[in-house]
$ cat data-v7.txt   # compact mmCIF, C-alpha atoms
# COMPACT_ATOMS: atom_id res chain seq x y z
CA MET U 1414 -23.44 20.88 4.29
CA PRO U 1415 -20.64 21.70 1.89
CA GLY U 1416 -17.15 22.42 3.23
CA ARG U 1417 -15.01 25.45 2.47
CA GLU U 1418 -14.58 26.21 -1.22
CA LEU U 1419 -11.18 26.33 -2.89
CA ARG U 1420 -10.15 26.98 -6.46
CA VAL U 1421 -8.04 24.23 -7.98
CA GLY U 1422 -6.25 23.96 -11.30
CA LEU U 1423 -6.71 20.59 -12.88
CA GLY U 1424 -5.55 19.24 -16.21
CA VAL U 1425 -8.36 16.97 -17.33
CA ASN U 1426 -7.62 14.89 -20.41
CA GLY U 1427 -5.17 17.52 -21.55
CA GLU U 1428 -7.47 20.49 -21.01
CA GLN U 1429 -6.59 22.91 -18.23
CA ARG U 1430 -9.49 23.77 -15.95
CA ASN U 1431 -9.94 26.03 -12.96
CA ILE U 1432 -12.68 24.68 -10.75
CA GLU U 1433 -14.19 25.84 -7.48
CA VAL U 1434 -14.46 22.75 -5.28
CA SER U 1435 -15.42 22.01 -1.71
CA VAL U 1436 -12.39 20.82 0.25
CA GLU U 1437 -14.36 17.70 1.21
CA GLN U 1438 -15.15 16.70 -2.37
CA THR U 1439 -13.33 13.77 -3.88
CA LEU U 1440 -11.73 13.92 -7.29
CA LEU U 1441 -14.39 11.41 -8.37
CA GLU U 1442 -17.23 13.72 -7.36
CA VAL U 1443 -15.65 16.72 -9.06
CA LEU U 1444 -15.00 14.81 -12.29
CA ARG U 1445 -18.56 13.53 -12.45
CA ASP U 1446 -20.60 16.40 -11.04
CA GLN U 1447 -18.59 19.48 -11.95
CA VAL U 1448 -16.55 18.56 -14.99
CA GLY U 1449 -19.42 16.44 -16.32
CA LEU U 1450 -17.32 13.39 -17.15
CA THR U 1451 -19.52 10.56 -15.96
CA GLY U 1452 -17.52 7.73 -17.49
CA THR U 1453 -15.69 7.33 -14.17
CA LYS U 1454 -18.01 5.38 -11.88
CA GLU U 1455 -18.65 5.46 -8.16
CA CYS U 1456 -19.21 2.03 -6.68
CA CYS U 1457 -17.71 1.00 -3.32
CA ALA U 1458 -16.34 4.47 -2.47
CA VAL U 1459 -13.71 2.90 -0.17
CA GLY U 1460 -10.98 2.00 -2.65
CA GLU U 1461 -11.77 -1.67 -3.02
CA CYS U 1462 -13.49 -2.03 -6.40
CA GLY U 1463 -11.57 0.17 -8.84
CA ALA U 1464 -14.66 1.43 -10.72
CA CYS U 1465 -13.45 5.01 -10.12
CA THR U 1466 -9.93 4.41 -11.47
CA VAL U 1467 -8.36 7.39 -13.23
CA MET U 1468 -4.76 8.27 -13.98
CA LEU U 1469 -3.29 10.98 -11.81
CA ASP U 1470 0.02 12.27 -13.18
CA GLY U 1471 0.34 9.03 -15.13
CA ARG U 1472 -0.49 6.60 -12.32
CA ALA U 1473 -3.70 4.67 -11.74
CA VAL U 1474 -5.47 5.76 -8.56
CA ASN U 1475 -8.88 5.34 -6.99
CA SER U 1476 -10.45 8.77 -7.52
CA CYS U 1477 -12.81 8.07 -4.59
CA LEU U 1478 -9.78 8.19 -2.27
CA VAL U 1479 -8.29 11.44 -3.55
CA LEU U 1480 -9.62 14.81 -2.48
CA ALA U 1481 -10.01 17.15 -5.44
CA VAL U 1482 -7.87 19.70 -3.58
CA GLU U 1483 -5.05 17.15 -3.35
CA ALA U 1484 -5.02 16.96 -7.15
CA ASP U 1485 -4.49 20.71 -7.51
CA GLY U 1486 -1.93 21.20 -10.27
CA ALA U 1487 -2.07 17.58 -11.41
CA GLN U 1488 -2.90 16.00 -14.75
CA VAL U 1489 -5.90 13.67 -14.70
CA THR U 1490 -6.77 11.20 -17.43
CA THR U 1491 -10.23 9.64 -17.37
CA ILE U 1492 -11.82 7.03 -19.60
CA GLU U 1493 -13.06 9.86 -21.82
CA GLY U 1494 -9.44 10.89 -22.38
CA LEU U 1495 -8.50 7.37 -23.47
CA THR U 1496 -11.31 7.11 -26.01
CA ALA U 1497 -10.32 7.73 -29.60
CA ARG U 1498 -11.99 10.71 -31.24
CA ASP U 1499 -13.29 8.59 -34.10
CA GLY U 1500 -14.49 5.59 -32.10
CA LEU U 1501 -12.93 3.10 -29.75
CA SER U 1502 -9.33 2.82 -28.63
CA PRO U 1503 -7.61 -0.51 -29.43
CA LEU U 1504 -8.09 -1.51 -25.78
CA GLN U 1505 -11.78 -0.64 -25.79
CA ASP U 1506 -12.24 -2.41 -29.11
CA ALA U 1507 -10.58 -5.54 -27.72
CA PHE U 1508 -12.84 -5.43 -24.66
CA VAL U 1509 -15.91 -5.40 -26.92
CA ARG U 1510 -14.67 -8.16 -29.22
CA HIS U 1511 -13.68 -10.44 -26.33
CA GLY U 1512 -17.06 -10.09 -24.61
CA ALA U 1513 -15.33 -8.35 -21.71
CA VAL U 1514 -18.16 -5.83 -21.40
CA GLN U 1515 -21.25 -7.31 -19.78
CA CYS U 1516 -23.16 -4.86 -17.59
CA GLY U 1517 -20.36 -2.41 -18.33
CA PHE U 1518 -20.17 -0.73 -14.93
CA CYS U 1519 -16.61 -1.85 -14.17
CA THR U 1520 -15.46 -1.30 -17.75
CA PRO U 1521 -14.21 2.31 -17.57
CA GLY U 1522 -12.12 1.57 -14.48
CA MET U 1523 -10.87 -1.69 -16.01
CA VAL U 1524 -9.84 0.04 -19.21
CA VAL U 1525 -8.02 2.81 -17.34
CA ALA U 1526 -6.26 0.27 -15.10
CA ALA U 1527 -5.31 -1.79 -18.16
CA HIS U 1528 -4.06 1.33 -19.94
CA ALA U 1529 -1.95 2.25 -16.89
CA LEU U 1530 -0.53 -1.28 -16.83
CA LEU U 1531 0.36 -1.20 -20.51
CA THR U 1532 2.08 2.18 -20.18
CA THR U 1533 4.28 0.98 -17.28
CA THR U 1534 4.80 -2.64 -18.44
CA LEU U 1535 5.32 -2.88 -22.17
CA ARG U 1536 4.94 -6.66 -22.57
CA PRO U 1537 3.15 -7.88 -19.46
CA THR U 1538 2.75 -11.60 -18.79
CA MET U 1539 -0.71 -12.96 -18.06
CA ALA U 1540 0.26 -13.00 -14.37
CA GLU U 1541 1.21 -9.33 -14.57
CA ILE U 1542 -2.07 -8.53 -16.31
CA ARG U 1543 -4.02 -10.29 -13.55
CA GLU U 1544 -1.99 -8.50 -10.87
CA GLY U 1545 -2.37 -5.17 -12.65
CA LEU U 1546 -6.15 -5.55 -12.72
CA SER U 1547 -6.56 -7.08 -9.26
CA GLY U 1548 -7.74 -3.75 -7.87
CA ASN U 1549 -10.76 -3.83 -10.18
CA LEU U 1550 -13.80 -5.95 -9.44
CA CYS U 1551 -16.20 -7.23 -12.10
CA ARG U 1552 -19.36 -8.64 -10.56
CA CYS U 1553 -20.49 -10.09 -13.89
CA GLY U 1554 -17.35 -12.20 -13.63
CA CYS U 1555 -15.80 -11.60 -17.05
CA TYR U 1556 -12.27 -11.72 -15.69
CA ASN U 1557 -11.03 -14.19 -18.30
CA GLN U 1558 -12.47 -12.14 -21.16
CA ILE U 1559 -11.04 -8.94 -19.69
CA CYS U 1560 -7.57 -10.45 -19.26
CA ASP U 1561 -7.75 -11.91 -22.77
CA ALA U 1562 -8.63 -8.51 -24.20
CA VAL U 1563 -5.68 -6.88 -22.45
CA ALA U 1564 -3.41 -9.76 -23.46
CA GLU U 1565 -4.40 -9.27 -27.09
CA VAL U 1566 -3.50 -5.58 -27.01
CA ALA U 1567 -0.26 -6.47 -25.22
CA GLY U 1568 0.49 -8.84 -28.11
CA LEU U 1569 0.31 -12.00 -25.98
CA VAL U 1570 -2.57 -13.69 -27.78
CA ALA U 1571 -4.09 -13.39 -31.23
CA ALA U 1572 -7.38 -11.60 -31.83
CA PRO U 1573 -10.40 -13.93 -31.83
CA ALA U 1574 -11.93 -14.80 -35.22
CA ARG U 1575 -14.67 -12.35 -36.10
CA MET Y 361 -17.03 18.49 8.10
CA PHE Y 362 -13.37 19.31 7.83
CA ASP Y 363 -11.19 22.11 6.55
CA TYR Y 364 -8.07 21.53 4.49
CA ALA Y 365 -4.56 22.96 4.76
CA ARG Y 366 -1.58 22.44 2.53
CA PRO Y 367 1.52 23.64 4.39
CA LYS Y 368 4.76 24.17 2.47
CA SER Y 369 7.17 23.63 5.35
CA LEU Y 370 7.50 21.60 8.53
CA ASN Y 371 7.39 24.78 10.63
CA GLU Y 372 4.11 25.76 9.04
CA THR Y 373 2.84 22.22 9.74
CA PHE Y 374 3.85 22.37 13.40
CA ALA Y 375 2.12 25.74 13.78
CA LEU Y 376 -1.09 24.27 12.35
CA LEU Y 377 -0.82 21.30 14.72
CA ARG Y 378 -0.34 23.63 17.71
CA GLU Y 379 -3.37 25.64 16.71
CA MET Y 380 -5.51 22.59 15.92
CA PRO Y 381 -4.37 19.58 18.01
CA ASP Y 382 -7.20 17.44 16.63
CA ALA Y 383 -6.06 17.95 13.04
CA ARG Y 384 -5.32 14.80 11.04
CA LEU Y 385 -2.29 14.42 8.80
CA LEU Y 386 -2.96 13.37 5.22
CA SER Y 387 -0.40 11.56 3.15
CA GLY Y 388 -1.72 8.92 0.73
CA GLY Y 389 -5.20 9.08 2.26
CA THR Y 390 -6.05 5.46 1.53
CA ASP Y 391 -6.96 4.86 5.17
CA LEU Y 392 -7.75 8.38 6.39
CA LEU Y 393 -10.23 9.30 3.66
CA VAL Y 394 -12.09 6.00 4.03
CA ASN Y 395 -12.42 6.64 7.76
CA LEU Y 396 -13.34 10.32 7.44
CA ARG Y 397 -15.96 9.72 4.79
CA GLY Y 398 -17.28 6.63 6.55
CA GLY Y 399 -17.77 8.61 9.76
CA ARG Y 400 -15.27 6.50 11.72
CA ALA Y 401 -12.96 9.48 12.10
CA ALA Y 402 -13.75 13.16 12.50
CA THR Y 403 -11.43 16.12 12.44
CA PRO Y 404 -11.77 19.88 12.08
CA LEU Y 405 -8.73 20.01 9.81
CA VAL Y 406 -6.96 17.76 7.33
CA ILE Y 407 -3.31 18.75 6.86
CA ASP Y 408 -2.00 17.56 3.50
CA LEU Y 409 1.72 16.77 3.87
CA LYS Y 410 2.42 16.17 0.19
CA ARG Y 411 3.69 19.70 -0.49
CA VAL Y 412 5.83 20.06 2.61
CA ALA Y 413 9.16 20.86 0.96
CA ASP Y 414 11.36 19.67 3.85
CA LEU Y 415 9.60 16.29 4.11
CA GLU Y 416 11.38 14.18 1.55
CA ALA Y 417 9.74 11.41 -0.50
CA GLY Y 418 12.86 9.68 -1.72
CA ILE Y 419 14.80 6.58 -0.72
CA THR Y 420 18.42 7.26 0.20
CA GLN Y 421 21.34 5.48 1.83
CA ARG Y 422 23.83 6.85 4.28
CA GLU Y 423 26.22 5.40 6.83
CA GLY Y 424 24.81 1.89 6.74
CA TRP Y 425 21.17 2.96 6.86
CA LEU Y 426 18.42 2.93 4.29
CA ARG Y 427 16.20 5.95 4.69
CA VAL Y 428 12.63 5.98 3.35
CA GLY Y 429 11.20 9.49 3.36
CA ALA Y 430 7.69 9.92 4.72
CA GLY Y 431 6.19 10.66 1.32
CA THR Y 432 7.44 7.44 -0.33
CA VAL Y 433 4.59 5.41 -1.80
CA MET Y 434 4.52 1.61 -1.85
CA THR Y 435 4.95 1.45 -5.65
CA ASP Y 436 8.24 3.39 -5.47
CA LEU Y 437 9.44 1.47 -2.42
CA ALA Y 438 8.88 -1.86 -4.21
CA ALA Y 439 10.58 -0.62 -7.40
CA ASP Y 440 13.74 0.65 -5.70
CA ASP Y 441 16.74 -1.49 -6.73
CA HIS Y 442 18.49 -1.25 -3.39
CA VAL Y 443 15.35 -2.14 -1.43
CA ARG Y 444 14.76 -5.07 -3.77
CA ASP Y 445 18.31 -6.26 -3.30
CA ARG Y 446 18.66 -5.93 0.49
CA PHE Y 447 15.07 -5.98 1.81
CA PRO Y 448 13.15 -8.42 -0.43
CA SER Y 449 10.59 -9.24 2.28
CA LEU Y 450 9.73 -5.56 2.62
CA VAL Y 451 9.20 -5.46 -1.14
CA GLY Y 452 7.00 -8.56 -0.87
CA ALA Y 453 4.91 -6.92 1.83
CA ALA Y 454 4.65 -3.58 0.01
CA LEU Y 455 3.38 -5.40 -3.09
CA VAL Y 456 0.42 -6.96 -1.30
CA VAL Y 457 -0.87 -3.70 0.17
CA GLY Y 458 -4.30 -3.07 -1.36
CA SER Y 459 -4.07 -2.90 -5.14
CA VAL Y 460 -2.01 -1.11 -7.78
CA GLN Y 461 -4.24 1.94 -7.29
CA ILE Y 462 -3.77 1.88 -3.51
CA ARG Y 463 -0.01 1.31 -3.75
CA ASN Y 464 0.30 4.33 -6.03
CA ARG Y 465 -1.01 6.50 -3.16
CA ALA Y 466 -0.32 4.68 0.12
CA THR Y 467 2.94 5.55 1.88
CA LEU Y 468 5.14 3.38 4.07
CA ALA Y 469 5.00 6.03 6.79
CA GLY Y 470 1.20 6.07 6.58
CA ASN Y 471 1.04 2.30 6.93
CA VAL Y 472 3.16 2.58 10.08
CA CYS Y 473 1.25 5.57 11.52
CA ASN Y 474 -2.12 3.93 10.94
CA ALA Y 475 -0.83 1.28 13.38
CA SER Y 476 -3.15 -1.46 12.24
CA PRO Y 477 -2.34 -4.78 13.91
CA ALA Y 478 -2.53 -6.17 10.35
CA ALA Y 479 -0.26 -3.54 8.71
CA ASP Y 480 1.42 -5.50 5.92
CA THR Y 481 4.78 -3.79 6.07
CA ALA Y 482 5.11 -4.02 9.86
CA PRO Y 483 6.49 -7.60 10.10
CA PRO Y 484 9.40 -7.05 7.66
CA LEU Y 485 10.13 -3.62 9.17
CA LEU Y 486 10.28 -5.19 12.66
CA ILE Y 487 12.53 -8.01 11.45
CA HIS Y 488 14.94 -5.40 10.12
CA ASP Y 489 14.91 -3.33 13.34
CA ALA Y 490 13.38 -0.31 11.63
CA VAL Y 491 13.62 3.03 13.38
CA VAL Y 492 11.02 5.76 13.02
CA GLU Y 493 12.27 9.33 12.82
CA LEU Y 494 9.78 11.70 14.42
CA ALA Y 495 9.81 15.43 13.78
CA GLY Y 496 8.29 17.99 16.10
CA SER Y 497 8.77 21.67 16.78
CA ALA Y 498 11.37 20.68 19.41
CA GLY Y 499 13.39 18.78 16.81
CA LEU Y 500 13.91 15.21 15.74
CA ARG Y 501 13.85 12.02 17.80
CA ARG Y 502 14.25 8.39 16.84
CA VAL Y 503 12.06 5.57 18.14
CA GLU Y 504 12.48 1.87 17.42
CA LEU Y 505 9.46 0.59 15.52
CA SER Y 506 8.92 -2.08 18.18
CA GLN Y 507 8.40 0.77 20.68
CA PHE Y 508 6.40 2.89 18.23
CA PHE Y 509 3.37 0.59 18.02
CA LEU Y 510 1.38 0.87 21.26
CA GLY Y 511 -1.90 -0.77 20.25
CA PRO Y 512 -4.52 -0.74 17.50
CA GLY Y 513 -4.30 2.73 15.95
CA ARG Y 514 -2.07 3.95 18.78
CA THR Y 515 1.55 5.00 18.35
CA ALA Y 516 4.33 6.74 20.28
CA LEU Y 517 3.68 9.95 18.31
CA GLN Y 518 3.23 12.84 20.72
CA PRO Y 519 0.86 15.73 19.98
CA GLY Y 520 2.46 17.98 17.38
CA GLU Y 521 4.77 15.28 16.03
CA LEU Y 522 4.84 13.54 12.69
CA VAL Y 523 6.87 10.78 11.06
CA ALA Y 524 9.62 12.26 8.87
CA ALA Y 525 11.24 9.02 7.73
CA ILE Y 526 11.63 5.34 8.39
CA GLU Y 527 15.17 4.03 8.55
CA LEU Y 528 16.46 0.48 8.31
CA PRO Y 529 19.98 -0.64 9.15
CA ILE Y 530 21.46 -2.34 6.09
CA PRO Y 531 22.13 -5.96 7.14
CA GLY Y 532 25.80 -6.43 7.99
CA GLY Y 533 26.01 -10.12 7.11
CA PRO Y 534 24.10 -12.69 5.12
CA LEU Y 535 20.44 -12.83 6.09
CA GLY Y 536 17.62 -14.98 4.74
CA THR Y 537 14.14 -13.53 5.12
CA ALA Y 538 10.65 -14.55 4.06
CA PHE Y 539 7.31 -12.78 4.27
CA ALA Y 540 4.09 -14.81 4.47
CA ARG Y 541 0.53 -13.64 4.57
CA MET Y 542 -2.88 -15.25 4.57
CA THR Y 543 -5.98 -13.47 3.28
CA ARG Y 544 -9.48 -14.63 2.42
CA ARG Y 545 -9.02 -13.58 -1.19
CA ARG Y 546 -5.91 -12.61 -3.10
CA GLY Y 547 -6.47 -8.94 -3.79
CA VAL Y 548 -7.50 -5.95 -1.67
CA ASP Y 549 -7.99 -7.72 1.65
CA LEU Y 550 -6.53 -7.23 5.09
CA ALA Y 551 -4.28 -9.97 6.39
CA THR Y 552 -5.87 -12.73 8.45
CA VAL Y 553 -2.36 -13.60 9.60
CA SER Y 554 0.95 -12.19 8.41
CA LEU Y 555 4.51 -12.78 9.45
CA CYS Y 556 8.09 -12.28 8.49
CA CYS Y 557 10.97 -14.61 9.37
CA SER Y 558 14.69 -13.96 9.24
CA VAL Y 559 17.55 -16.39 9.74
CA SER Y 560 21.06 -15.02 10.17
CA ALA Y 561 24.38 -16.70 9.49
CA THR Y 562 25.03 -16.57 13.25
CA GLY Y 563 22.07 -18.87 13.91
CA VAL Y 564 19.58 -16.29 15.15
CA THR Y 565 16.02 -16.78 13.93
CA ARG Y 566 13.51 -13.98 14.29
CA PHE Y 567 9.82 -13.75 13.59
CA ALA Y 568 7.53 -10.75 13.50
CA PHE Y 569 3.81 -11.41 13.57
CA GLY Y 570 0.91 -9.32 12.28
CA ALA Y 571 -2.87 -9.55 12.87
CA VAL Y 572 -2.46 -11.90 15.84
CA GLY Y 573 -2.38 -9.37 18.67
CA PRO Y 574 -3.15 -5.72 19.47
CA ARG Y 575 0.01 -4.68 17.64
CA PRO Y 576 2.59 -6.26 15.33
CA PHE Y 577 5.49 -7.62 17.39
CA GLY Y 578 8.70 -9.59 17.09
CA VAL Y 579 10.12 -12.68 18.83
CA THR Y 580 13.57 -14.25 18.69
CA ASP Y 581 15.10 -17.72 18.89
CA ASP Y 582 18.81 -17.39 19.59
CA THR Y 583 19.34 -21.04 20.57
CA GLY Y 584 20.20 -21.91 16.98
CA ILE Y 585 17.55 -24.67 16.98
CA LEU Y 586 15.37 -23.09 14.28
CA ALA Y 587 18.23 -21.86 12.13
CA ASP Y 588 19.67 -25.36 11.67
CA PRO Y 589 18.44 -26.79 8.35
CA ALA Y 590 19.35 -30.31 9.54
CA GLY Y 591 17.77 -29.93 12.98
CA ASP Y 592 15.32 -32.35 14.61
CA PRO Y 593 11.86 -31.45 13.19
CA ALA Y 594 10.10 -32.28 16.47
CA LEU Y 595 12.43 -30.01 18.46
CA GLN Y 596 12.10 -27.28 15.87
CA ASP Y 597 8.33 -27.43 15.96
CA GLU Y 598 8.46 -27.15 19.73
CA ALA Y 599 10.71 -24.09 19.44
CA LEU Y 600 8.41 -22.58 16.83
CA ARG Y 601 5.38 -23.16 19.06
CA ARG Y 602 7.15 -21.34 21.88
CA LEU Y 603 7.46 -18.31 19.59
CA THR Y 604 3.96 -18.41 18.11
CA GLY Y 605 2.65 -18.89 21.65
CA HIS Y 606 3.30 -15.17 22.23
CA ALA Y 607 0.46 -14.36 19.83
CA SER Y 608 -2.92 -13.42 21.27
CA PRO Y 609 -5.23 -13.33 18.26
CA LEU Y 610 -8.86 -12.27 18.41
CA SER Y 611 -11.78 -13.84 16.61
CA ASN Y 612 -13.29 -11.46 14.07
CA VAL Y 613 -14.91 -11.37 10.65
CA ARG Y 614 -11.74 -12.63 8.98
CA ALA Y 615 -11.02 -15.68 11.14
CA SER Y 616 -11.44 -17.24 14.56
CA ARG Y 617 -8.73 -17.14 17.20
CA GLU Y 618 -8.17 -20.90 16.85
CA TYR Y 619 -7.80 -20.69 13.07
CA ARG Y 620 -5.31 -17.83 13.35
CA GLU Y 621 -3.24 -19.77 15.88
CA ALA Y 622 -3.19 -22.83 13.63
CA MET Y 623 -2.33 -20.83 10.52
CA LEU Y 624 0.39 -18.87 12.31
CA LEU Y 625 2.19 -22.16 12.87
CA VAL Y 626 1.68 -23.29 9.25
CA LEU Y 627 2.89 -19.97 7.81
CA GLY Y 628 5.71 -19.95 10.36
CA ARG Y 629 7.02 -23.34 9.19
CA ARG Y 630 6.86 -22.30 5.54
CA ALA Y 631 8.53 -18.94 6.12
CA LEU Y 632 11.26 -20.53 8.22
CA GLU Y 633 12.02 -23.00 5.43
CA ALA Y 634 12.03 -20.21 2.82
CA ALA Y 635 14.24 -17.95 4.97
CA ARG Y 636 16.78 -20.76 5.53
CA GLN Y 637 16.78 -21.47 1.81
CA ARG Y 638 17.48 -17.81 1.04
CA LEU Y 639 20.28 -17.74 3.57
CA ARG Y 640 21.84 -20.75 1.78
CA GLU Y 641 21.47 -18.93 -1.53
CA ALA Y 642 23.06 -15.82 -0.04
CA HIS Y 643 26.01 -17.92 1.10
CA LEU Y 644 26.33 -19.50 -2.34
CA ALA Y 645 26.23 -16.09 -3.96
CA GLY Y 646 28.93 -15.01 -1.56
CA THR Y 647 27.12 -11.91 -0.32

$ encode --input "data-v7.txt" --output "structure tokens"
Amino acid sequence: MPGRELRVGLGVNGEQRNIEVSVEQTLLEVLRDQVGLTGTKECCAVGECGACTVMLDGRAVNSCLVLAVEADGAQVTTIEGLTARDGLSPLQDAFVRHGAVQCGFCTPGMVVAAHALLTTTLRPTMAEIREGLSGNLCRCGCYNQICDAVAEVAGLVAAPAR
Amino acid sequence: MFDYARPKSLNETFALLREMPDARLLSGGTDLLVNLRGGRAATPLVIDLKRVADLEAGITQREGWLRVGAGTVMTDLAADDHVRDRFPSLVGAALVVGSVQIRNRATLAGNVCNASPAADTAPPLLIHDAVVELAGSAGLRRVELSQFFLGPGRTALQPGELVAAIELPIPGGPLGTAFARMTRRRGVDLATVSLCCSVSATGVTRFAFGAVGPRPFGVTDDTGILADPAGDPALQDEALRRLTGHASPLSNVRASREYREAMLLVLGRRALEAARQRLREAHLAGT
């Protein structure tokens, strides 16, 4: 049974939207089901896996732990908003080249978390990269590839030979 | 099913709480939403405190106290220069709460109000004699954190009250502190055992323990035995065991009672050593 409906104003990837949401709906549910942006994934739904990571007013959050009504008036950036119009962003491209995308389910959340890290920490160390991504689980176990991809974009390591 | 309210003032919040005593207060939501959606908590009304204008989110100092407003999230607490300088163990604890994503939402006040026996920030807050400022329609009152925790999920908050701020006295003299925590894996796990140790220049050693009893609690050694870096190790271990003996851990999914007791002693020794070292460094730095 849906809860009471409320109208919220949400900036999604730079586009202002007014959306009628149930007060019980999470930001994750609204982004996927109402806005139609399904890049953000639902996995654990309890804030442990990071698959639902989005940026809320510039900070990485688990969108499964934010009610859509709480985000009223906020700016949300999803994986779709980080994707270059003409292809992949440098971060996404590095993920692909490093083999950091296996089943791909954790990838959107990983990329958003990595993007958030790189916007707050300009030249992160490998330890800071690992810490910055420790809220994101990858059950395929590509952690080394993922960290290498982020390290390359951060300028820590050279790109692998193609 | 719950309704949602977003009051703009404390008075509006108190009115909602009077009308709906079973309402739940929402700050970061990293515990509350998990419990509500998992069916472990139910409420007719969620009151979102994030737009209450007279509930500050900042970190300020006045008259020898550090004041952390109820809306302050862990990320901002850990990034504050003054907190980093004077309360490094609190920073250490704030930085192991959940993950980056959790710390961007979770508040210090929420961690305290949730009253988990394993609350990461509780041991350093107890070591520093934190005081909780409670606001209600009758006004403000202050409760020592050690009196605020009553049991798992239970606090001294009366119906209609909320936490407005957490205050810590700024240490008057040199103090060495160390936070230690054991988890099954490094990220996003609750503490199996956590503790904080402080050693003062006057020879007082204090410990606060988490996840080894129904609530986080503190113990003190004022004999000077533990504070002495050149003390007899056998005597010191005996003194440490007297303190850790106050713990009453349970066996659960994270560890057995026996393991927790053993690890409390191990972490206690390490934290004591680290706290004494930091006190020496504080002396050398002349602060």

$ closest_atom_pairs --input "data-v7.txt" --of "chain Y" --to "chain U" --cutoff "7 Å" --atoms "all atoms listed in the file" --output "JSON lines"
{"residue": "Y:Met361", "atom": "CA", "partner": "U:Gly1416", "partner_atom": "CA", "distance": 6.3}
{"residue": "Y:Phe362", "atom": "CA", "partner": "U:Gly1416", "partner_atom": "CA", "distance": 6.7}
{"residue": "Y:Asp363", "atom": "CA", "partner": "U:Arg1417", "partner_atom": "CA", "distance": 6.5}
{"residue": "Y:Tyr364", "atom": "CA", "partner": "U:Val1436", "partner_atom": "CA", "distance": 6.1}
{"residue": "Y:Gly389", "atom": "CA", "partner": "U:Leu1478", "partner_atom": "CA", "distance": 6.5}
{"residue": "Y:Thr390", "atom": "CA", "partner": "U:Leu1478", "partner_atom": "CA", "distance": 6.0}
{"residue": "Y:Leu393", "atom": "CA", "partner": "U:Leu1478", "partner_atom": "CA", "distance": 6.0}
{"residue": "Y:Val394", "atom": "CA", "partner": "U:Val1459", "partner_atom": "CA", "distance": 5.5}
{"residue": "Y:Ser459", "atom": "CA", "partner": "U:Gly1548", "partner_atom": "CA", "distance": 4.7}
{"residue": "Y:Val460", "atom": "CA", "partner": "U:Gly1548", "partner_atom": "CA", "distance": 6.3}
{"residue": "Y:Gln461", "atom": "CA", "partner": "U:Val1474", "partner_atom": "CA", "distance": 4.2}
{"residue": "Y:Ile462", "atom": "CA", "partner": "U:Val1474", "partner_atom": "CA", "distance": 6.6}
{"residue": "Y:Asn464", "atom": "CA", "partner": "U:Val1474", "partner_atom": "CA", "distance": 6.5}
{"residue": "Y:Gly547", "atom": "CA", "partner": "U:Ser1547", "partner_atom": "CA", "distance": 5.8}
{"residue": "Y:Val548", "atom": "CA", "partner": "U:Glu1461", "partner_atom": "CA", "distance": 6.2}

$ atom_distance --input "data-v7.txt" --atom1 "CA of Lys1454 (chain U)" --atom2 "CA of Val1425 (chain U)"
16.0 Å

$ atom_distance --input "data-v7.txt" --atom1 "CA of Val572 (chain Y)" --atom2 "CA of Gly470 (chain Y)"
20.5 Å

$ residues_around --input "data-v7.txt" --residues "Arg366 (chain Y)" --least-positions-apart "2" --cutoff "12 Å" --atoms "only C-alpha atoms" --output "PDB file with C-alpha atoms, in the frame of the given file"
ATOM      1  CA  LEU U1419     -11.180  26.330  -2.890  1.00  0.00           C
ATOM      2  CA  VAL U1436     -12.390  20.820   0.250  1.00  0.00           C
ATOM      3  CA  VAL U1482      -7.870  19.700  -3.580  1.00  0.00           C
ATOM      4  CA  GLU U1483      -5.050  17.150  -3.350  1.00  0.00           C
ATOM      5  CA  ALA U1484      -5.020  16.960  -7.150  1.00  0.00           C
ATOM      6  CA  ASP U1485      -4.490  20.710  -7.510  1.00  0.00           C
TER       7      ASP U1485
ATOM      8  CA  ASP Y 363     -11.190  22.110   6.550  1.00  0.00           C
ATOM      9  CA  TYR Y 364      -8.070  21.530   4.490  1.00  0.00           C
ATOM     10  CA  LYS Y 368       4.760  24.170   2.470  1.00  0.00           C
ATOM     11  CA  SER Y 369       7.170  23.630   5.350  1.00  0.00           C
ATOM     12  CA  LEU Y 370       7.500  21.600   8.530  1.00  0.00           C
ATOM     13  CA  GLU Y 372       4.110  25.760   9.040  1.00  0.00           C
ATOM     14  CA  THR Y 373       2.840  22.220   9.740  1.00  0.00           C
ATOM     15  CA  LEU Y 376      -1.090  24.270  12.350  1.00  0.00           C
ATOM     16  CA  LEU Y 385      -2.290  14.420   8.800  1.00  0.00           C
ATOM     17  CA  LEU Y 386      -2.960  13.370   5.220  1.00  0.00           C
ATOM     18  CA  SER Y 387      -0.400  11.560   3.150  1.00  0.00           C
ATOM     19  CA  LEU Y 405      -8.730  20.010   9.810  1.00  0.00           C
ATOM     20  CA  VAL Y 406      -6.960  17.760   7.330  1.00  0.00           C
ATOM     21  CA  ILE Y 407      -3.310  18.750   6.860  1.00  0.00           C
ATOM     22  CA  ASP Y 408      -2.000  17.560   3.500  1.00  0.00           C
ATOM     23  CA  LEU Y 409       1.720  16.770   3.870  1.00  0.00           C
ATOM     24  CA  LYS Y 410       2.420  16.170   0.190  1.00  0.00           C
ATOM     25  CA  ARG Y 411       3.690  19.700  -0.490  1.00  0.00           C
ATOM     26  CA  VAL Y 412       5.830  20.060   2.610  1.00  0.00           C
ATOM     27  CA  ALA Y 413       9.160  20.860   0.960  1.00  0.00           C
TER      28      ALA Y 413
END

$ atom_distance --input "data-v7.txt" --atom1 "CA of Pro512 (chain Y)" --atom2 "CA of Leu415 (chain Y)"
25.9 Å

$ closest_residue --input "data-v7.txt" --among "U:Arg1498, U:His1528, U:His1511, U:Ala1567" --to "Cys1555 (chain U)" --atoms "all atoms listed in the file"
U:His1511
